[in-house]
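K.L.:
My file is upload.tsv. It has TSV, C-alpha atoms:
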```
chain	number	residue	atom	x	y	z
A	1	MET	CA	22.29	-12.51	15.32
A	2	SER	CA	22.50	-8.77	14.83
A	3	GLU	CA	25.12	-6.61	13.23
A	4	ILE	CA	25.49	-2.86	12.83
A	5	ASP	CA	28.22	-1.18	10.88
A	6	GLY	CA	28.55	2.30	12.32
A	7	ALA	CA	27.49	5.32	10.34
A	8	GLU	CA	30.12	7.25	8.44
A	9	MET	CA	30.09	10.36	6.29
A	10	THR	CA	30.82	10.16	2.56
A	11	ASN	CA	30.32	13.18	0.31
A	12	GLY	CA	28.10	14.75	2.96
A	13	GLU	CA	25.84	11.68	3.18
A	14	SER	CA	25.73	9.24	6.06
A	15	LYS	CA	26.28	5.54	5.38
A	16	GLY	CA	25.64	2.54	7.57
A	17	LYS	CA	24.27	-0.99	7.71
A	18	PHE	CA	22.04	-2.86	10.12
A	19	LYS	CA	21.42	-6.60	10.03
A	20	PHE	CA	19.33	-8.61	12.46
A	21	ASP	CA	18.56	-12.34	12.38
A	22	SER	CA	16.67	-14.03	15.20
A	23	THR	CA	14.16	-16.68	16.13
A	24	MET	CA	11.34	-15.17	18.17
A	25	ARG	CA	7.70	-15.55	19.04
A	26	ARG	CA	5.17	-14.20	16.54
A	27	ASP	CA	4.01	-11.45	18.97
A	28	GLU	CA	7.61	-10.23	19.30
A	29	ALA	CA	7.95	-10.08	15.51
A	30	VAL	CA	4.66	-8.16	15.30
A	31	ALA	CA	6.04	-5.56	17.74
A	32	TYR	CA	9.11	-5.04	15.51
A	33	PHE	CA	6.94	-4.62	12.41
A	34	GLN	CA	4.61	-2.22	14.23
A	35	ALA	CA	7.62	-0.07	15.15
A	36	ILE	CA	8.71	-0.07	11.50
A	37	VAL	CA	5.20	0.95	10.36
A	38	SER	CA	5.13	3.73	12.95
A	39	GLY	CA	8.53	4.95	11.76
A	40	LEU	CA	7.39	4.91	8.13
A	41	LYS	CA	4.39	7.05	9.10
A	42	GLN	CA	6.58	9.50	11.03
A	43	GLY	CA	9.38	9.58	8.44
A	44	THR	CA	12.15	8.31	10.76
A	45	ILE	CA	13.14	4.78	11.76
A	46	GLN	CA	15.94	4.24	14.27
A	47	PHE	CA	17.64	0.88	14.73
A	48	LYS	CA	19.64	0.38	17.94
A	49	HIS	CA	21.80	-2.40	19.29
A	50	GLY	CA	24.04	-1.75	22.27
A	51	ASP	CA	25.81	1.58	21.85
A	52	LYS	CA	25.42	1.65	18.05
A	53	SER	CA	22.48	3.00	16.11
A	54	LEU	CA	21.38	3.69	12.56
A	55	THR	CA	18.63	6.12	11.59
A	56	VAL	CA	16.91	6.15	8.20
A	57	ASN	CA	14.43	8.69	6.87
A	58	PRO	CA	11.94	7.17	4.42
A	59	ALA	CA	10.99	9.40	1.50
A	60	PRO	CA	7.32	10.09	0.66
A	61	THR	CA	7.58	7.72	-2.34
A	62	LEU	CA	8.76	4.17	-1.62
A	63	GLU	CA	9.72	1.14	-3.70
A	64	VAL	CA	8.06	-1.93	-2.14
A	65	SER	CA	8.75	-5.59	-2.87
A	66	VAL	CA	6.85	-8.46	-1.23
A	67	ARG	CA	7.66	-12.13	-1.74
A	68	ALA	CA	5.97	-15.20	-0.27
A	69	SER	CA	6.90	-18.83	-0.74
A	70	ARG	CA	6.09	-22.29	0.53
A	71	LYS	CA	8.49	-25.18	0.03
A	72	GLY	CA	7.51	-28.36	1.82
A	73	LYS	CA	6.95	-27.50	5.48
A	74	TYR	CA	8.94	-24.23	5.28
A	75	GLN	CA	7.06	-21.02	4.53
A	76	SER	CA	8.38	-17.49	4.31
A	77	VAL	CA	7.42	-13.91	3.55
A	78	SER	CA	9.99	-11.24	2.81
A	79	PHE	CA	9.58	-7.50	2.47
A	80	GLU	CA	11.93	-4.95	1.03
A	81	ILE	CA	11.29	-1.23	1.20
A	82	GLY	CA	13.65	1.22	-0.46
A	83	TRP	CA	13.73	4.84	-1.52
A	84	ARG	CA	15.90	7.56	-2.87
A	85	PRO	CA	15.83	10.95	-1.20
A	86	ASP	CA	13.45	13.23	-3.04
A	87	GLN	CA	15.44	15.53	-5.21
A	88	GLU	CA	14.29	19.08	-5.30
A	89	ASN	CA	13.51	20.41	-8.70
A	90	ASP	CA	15.93	23.33	-8.95
A	91	LEU	CA	15.05	24.15	-12.55
A	92	GLU	CA	14.26	27.80	-13.10
A	93	ILE	CA	12.82	29.21	-16.30
A	94	THR	CA	12.64	32.93	-16.80
A	95	SER	CA	11.92	35.18	-19.73
```
Now that the file is in, can you turn its structure into structure tokens?

P.N.:
Amino acid sequence: MSEIDGAEMTNGESKGKFKFDSTMRRDEAVAYFQAIVSGLKQGTIQFKHGDKSLTVNPAPTLEVSVRASRKGKYQSVSFEIGWRPDQENDLEITS
């Protein structure tokens, strides 16, 4: 299942959501994660589904959360990567 809420502008900033749930082979999942890693390195990750797309621009400093669990026969790993746009320091001090 995938879902994209189209981008919109609010106070000059773009907003949007992308959600994707699927069962796939491990090599297919690896390809998705490699594309995400490549996008992190380049500073732009674009998600597309049909005629809708969402682009995010990771900041140089990221917040990273990794969780792993095993419960009976079910095992999972989840990753969350977030950031806030770097704010320029516009402080000026003169004498």

K.L.:
Enter the distance from atom CA of Gln34 of chain A to atom CA of Leu54 of chain A, in Å, rounded to one decimal.

P.N.:
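Separation of atom CA of Gln34 of chain A and atom CA of Leu54 of chain A: 17.9 Å.
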
K.L.:
Could you jot down the atom CA of Ser78 of chain A to atom CA of Val37 of chain A separation for me, Å, one decimal place?

P.N.:
15.1 Å

K.L.:
To one decimal place in Å, what is the distance between atom CA of Gly82 of chain A and atom CA of Glu63 of chain A?

P.N.:
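Value for the atom CA of Gly82 of chain A-atom CA of Glu63 of chain A distance: 5.1 Å.
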
K.L.:
Counting only C-alpha atoms, figure out which residue out of A:Glu80, A:Asn57, A:Val30, A:Val66 gets nearest to Gly43 of chain A.

P.N.:
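Among the listed residues, the smallest separation from Gly43 of chain A belongs to A:Asn57.
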
K.L.:
Mind checking which residues fall within 12 Å of Gln42 of chain A, counting only C-alpha atoms, ignoring those fewer than 6 positions away in the same chain, and posting them as a list in words?

P.N.:
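Skipping anything fewer than 6 positions along the chain leaves Ala35, Ile36, Val56, Asn57, Pro58, Ala59 and Pro60 of chain A.
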
K.L.:
Determine, counting only C-alpha atoms, which protein, DNA and RNA residues have an atom within 10 Å of an atom of Thr61 of chain A; residues of the same chain fewer than 5 positions away are not included. Present the result as a PyMOL selection string.

P.N.:
chain A and resi 82-86

K.L.:
Please save C-alpha atoms of the selected residues as a CSV table (one decimal), in the coordinates of the input.

P.N.:
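And here is the file that came out, selection25.csv:
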```csv
chain,number,residue,atom,x,y,z
A,82,GLY,CA,13.6,1.2,-0.5
A,83,TRP,CA,13.7,4.8,-1.5
A,84,ARG,CA,15.9,7.6,-2.9
A,85,PRO,CA,15.8,11.0,-1.2
A,86,ASP,CA,13.4,13.2,-3.0
```

K.L.:
Kindly list the centre and edge lengths in Å, rounded to one decimal, for the axis-aligned box that covers all listed atoms of segment 59-71 of chain A plus 6 Å on each of its six sides, as AutoDock Vina command-line options.

P.N.:
```
--center_x 8.5 --center_y -7.5 --center_z -1.1 --size_x 17.0 --size_y 47.3 --size_z 17.2
```

K.L.:
Can you tell me, as a list in words, what residues are no more than 9 Å from Ala68 of chain A when counting all atoms listed in the file, ignoring any on the same chain fewer than 3 positions away?

P.N.:
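So, after excluding close chain neighbours, the residues are Gln75, Ser76, Val77, Ser78 and Phe79 of chain A.
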
K.L.:
I'd like the neighbourhood of Thr55 of chain A as a list in words, where a residue qualifies if any of its atoms comes within 10 Å (using only C-alpha atoms), though same-chain residues fewer than 2 positions away should be ignored.

P.N.:
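That gives Ala7, Ser14, Lys15, Gly16, Lys17, Phe18, Thr44, Ile45, Gln46, Phe47, Lys48, Ser53, Asn57 and Pro58 of chain A.
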
K.L.:
Provide segment 13-41 of chain A rebuilt to N, CA and C atoms, formatted as a short mmCIF file (atom, residue, chain, number, x, y, z; two decimals), in the coordinates of the input.

P.N.:
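out14.cif written:
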```cif
data_model
loop_
_atom_site.label_atom_id
_atom_site.label_comp_id
_atom_site.auth_asym_id
_atom_site.auth_seq_id
_atom_site.Cartn_x
_atom_site.Cartn_y
_atom_site.Cartn_z
N GLU A 13 26.95 12.58 2.90
CA GLU A 13 25.84 11.68 3.18
C GLU A 13 26.29 10.60 4.15
N SER A 14 25.42 10.26 5.06
CA SER A 14 25.73 9.24 6.06
C SER A 14 25.54 7.86 5.45
N LYS A 15 26.41 6.92 5.83
CA LYS A 15 26.28 5.54 5.38
C LYS A 15 26.28 4.63 6.60
N GLY A 16 25.63 3.52 6.50
CA GLY A 16 25.64 2.54 7.57
C GLY A 16 24.83 1.33 7.20
N LYS A 17 25.00 0.25 7.95
CA LYS A 17 24.27 -0.99 7.71
C LYS A 17 23.73 -1.52 9.04
N PHE A 18 22.61 -2.19 8.96
CA PHE A 18 22.04 -2.86 10.12
C PHE A 18 21.54 -4.20 9.65
N LYS A 19 21.89 -5.26 10.36
CA LYS A 19 21.42 -6.60 10.03
C LYS A 19 20.99 -7.27 11.32
N PHE A 20 19.85 -7.93 11.28
CA PHE A 20 19.33 -8.61 12.46
C PHE A 20 18.70 -9.92 12.04
N ASP A 21 19.13 -11.01 12.61
CA ASP A 21 18.56 -12.34 12.38
C ASP A 21 18.25 -12.94 13.74
N SER A 22 17.05 -13.48 13.91
CA SER A 22 16.67 -14.03 15.20
C SER A 22 15.51 -14.98 15.04
N THR A 23 15.36 -15.87 16.00
CA THR A 23 14.16 -16.68 16.13
C THR A 23 13.41 -16.11 17.32
N MET A 24 12.13 -15.79 17.11
CA MET A 24 11.34 -15.17 18.17
C MET A 24 9.88 -15.58 18.04
N ARG A 25 9.13 -15.28 19.08
CA ARG A 25 7.70 -15.55 19.04
C ARG A 25 7.03 -14.57 18.06
N ARG A 26 5.90 -15.01 17.52
CA ARG A 26 5.17 -14.20 16.54
C ARG A 26 4.81 -12.83 17.11
N ASP A 27 4.38 -12.74 18.39
CA ASP A 27 4.01 -11.45 18.97
C ASP A 27 5.21 -10.51 19.07
N GLU A 28 6.40 -11.07 19.28
CA GLU A 28 7.61 -10.23 19.30
C GLU A 28 7.90 -9.68 17.90
N ALA A 29 7.74 -10.53 16.88
CA ALA A 29 7.95 -10.08 15.51
C ALA A 29 6.95 -8.99 15.14
N VAL A 30 5.70 -9.16 15.56
CA VAL A 30 4.66 -8.16 15.30
C VAL A 30 5.07 -6.81 15.89
N ALA A 31 5.61 -6.81 17.10
CA ALA A 31 6.04 -5.56 17.74
C ALA A 31 7.12 -4.87 16.91
N TYR A 32 8.08 -5.63 16.37
CA TYR A 32 9.11 -5.04 15.51
C TYR A 32 8.48 -4.40 14.27
N PHE A 33 7.56 -5.14 13.63
CA PHE A 33 6.94 -4.62 12.41
C PHE A 33 6.06 -3.41 12.71
N GLN A 34 5.40 -3.39 13.87
CA GLN A 34 4.61 -2.22 14.23
C GLN A 34 5.50 -1.00 14.41
N ALA A 35 6.69 -1.19 14.99
CA ALA A 35 7.62 -0.07 15.15
C ALA A 35 8.09 0.43 13.78
N ILE A 36 8.30 -0.48 12.85
CA ILE A 36 8.71 -0.07 11.50
C ILE A 36 7.59 0.72 10.83
N VAL A 37 6.35 0.24 10.94
CA VAL A 37 5.20 0.95 10.36
C VAL A 37 5.07 2.34 10.97
N SER A 38 5.21 2.43 12.28
CA SER A 38 5.13 3.73 12.95
C SER A 38 6.22 4.66 12.44
N GLY A 39 7.44 4.14 12.29
CA GLY A 39 8.53 4.95 11.76
C GLY A 39 8.30 5.39 10.33
N LEU A 40 7.72 4.52 9.51
CA LEU A 40 7.39 4.91 8.13
C LEU A 40 6.39 6.06 8.13
N LYS A 41 5.39 5.98 9.00
CA LYS A 41 4.39 7.05 9.10
C LYS A 41 5.02 8.37 9.53
#
```
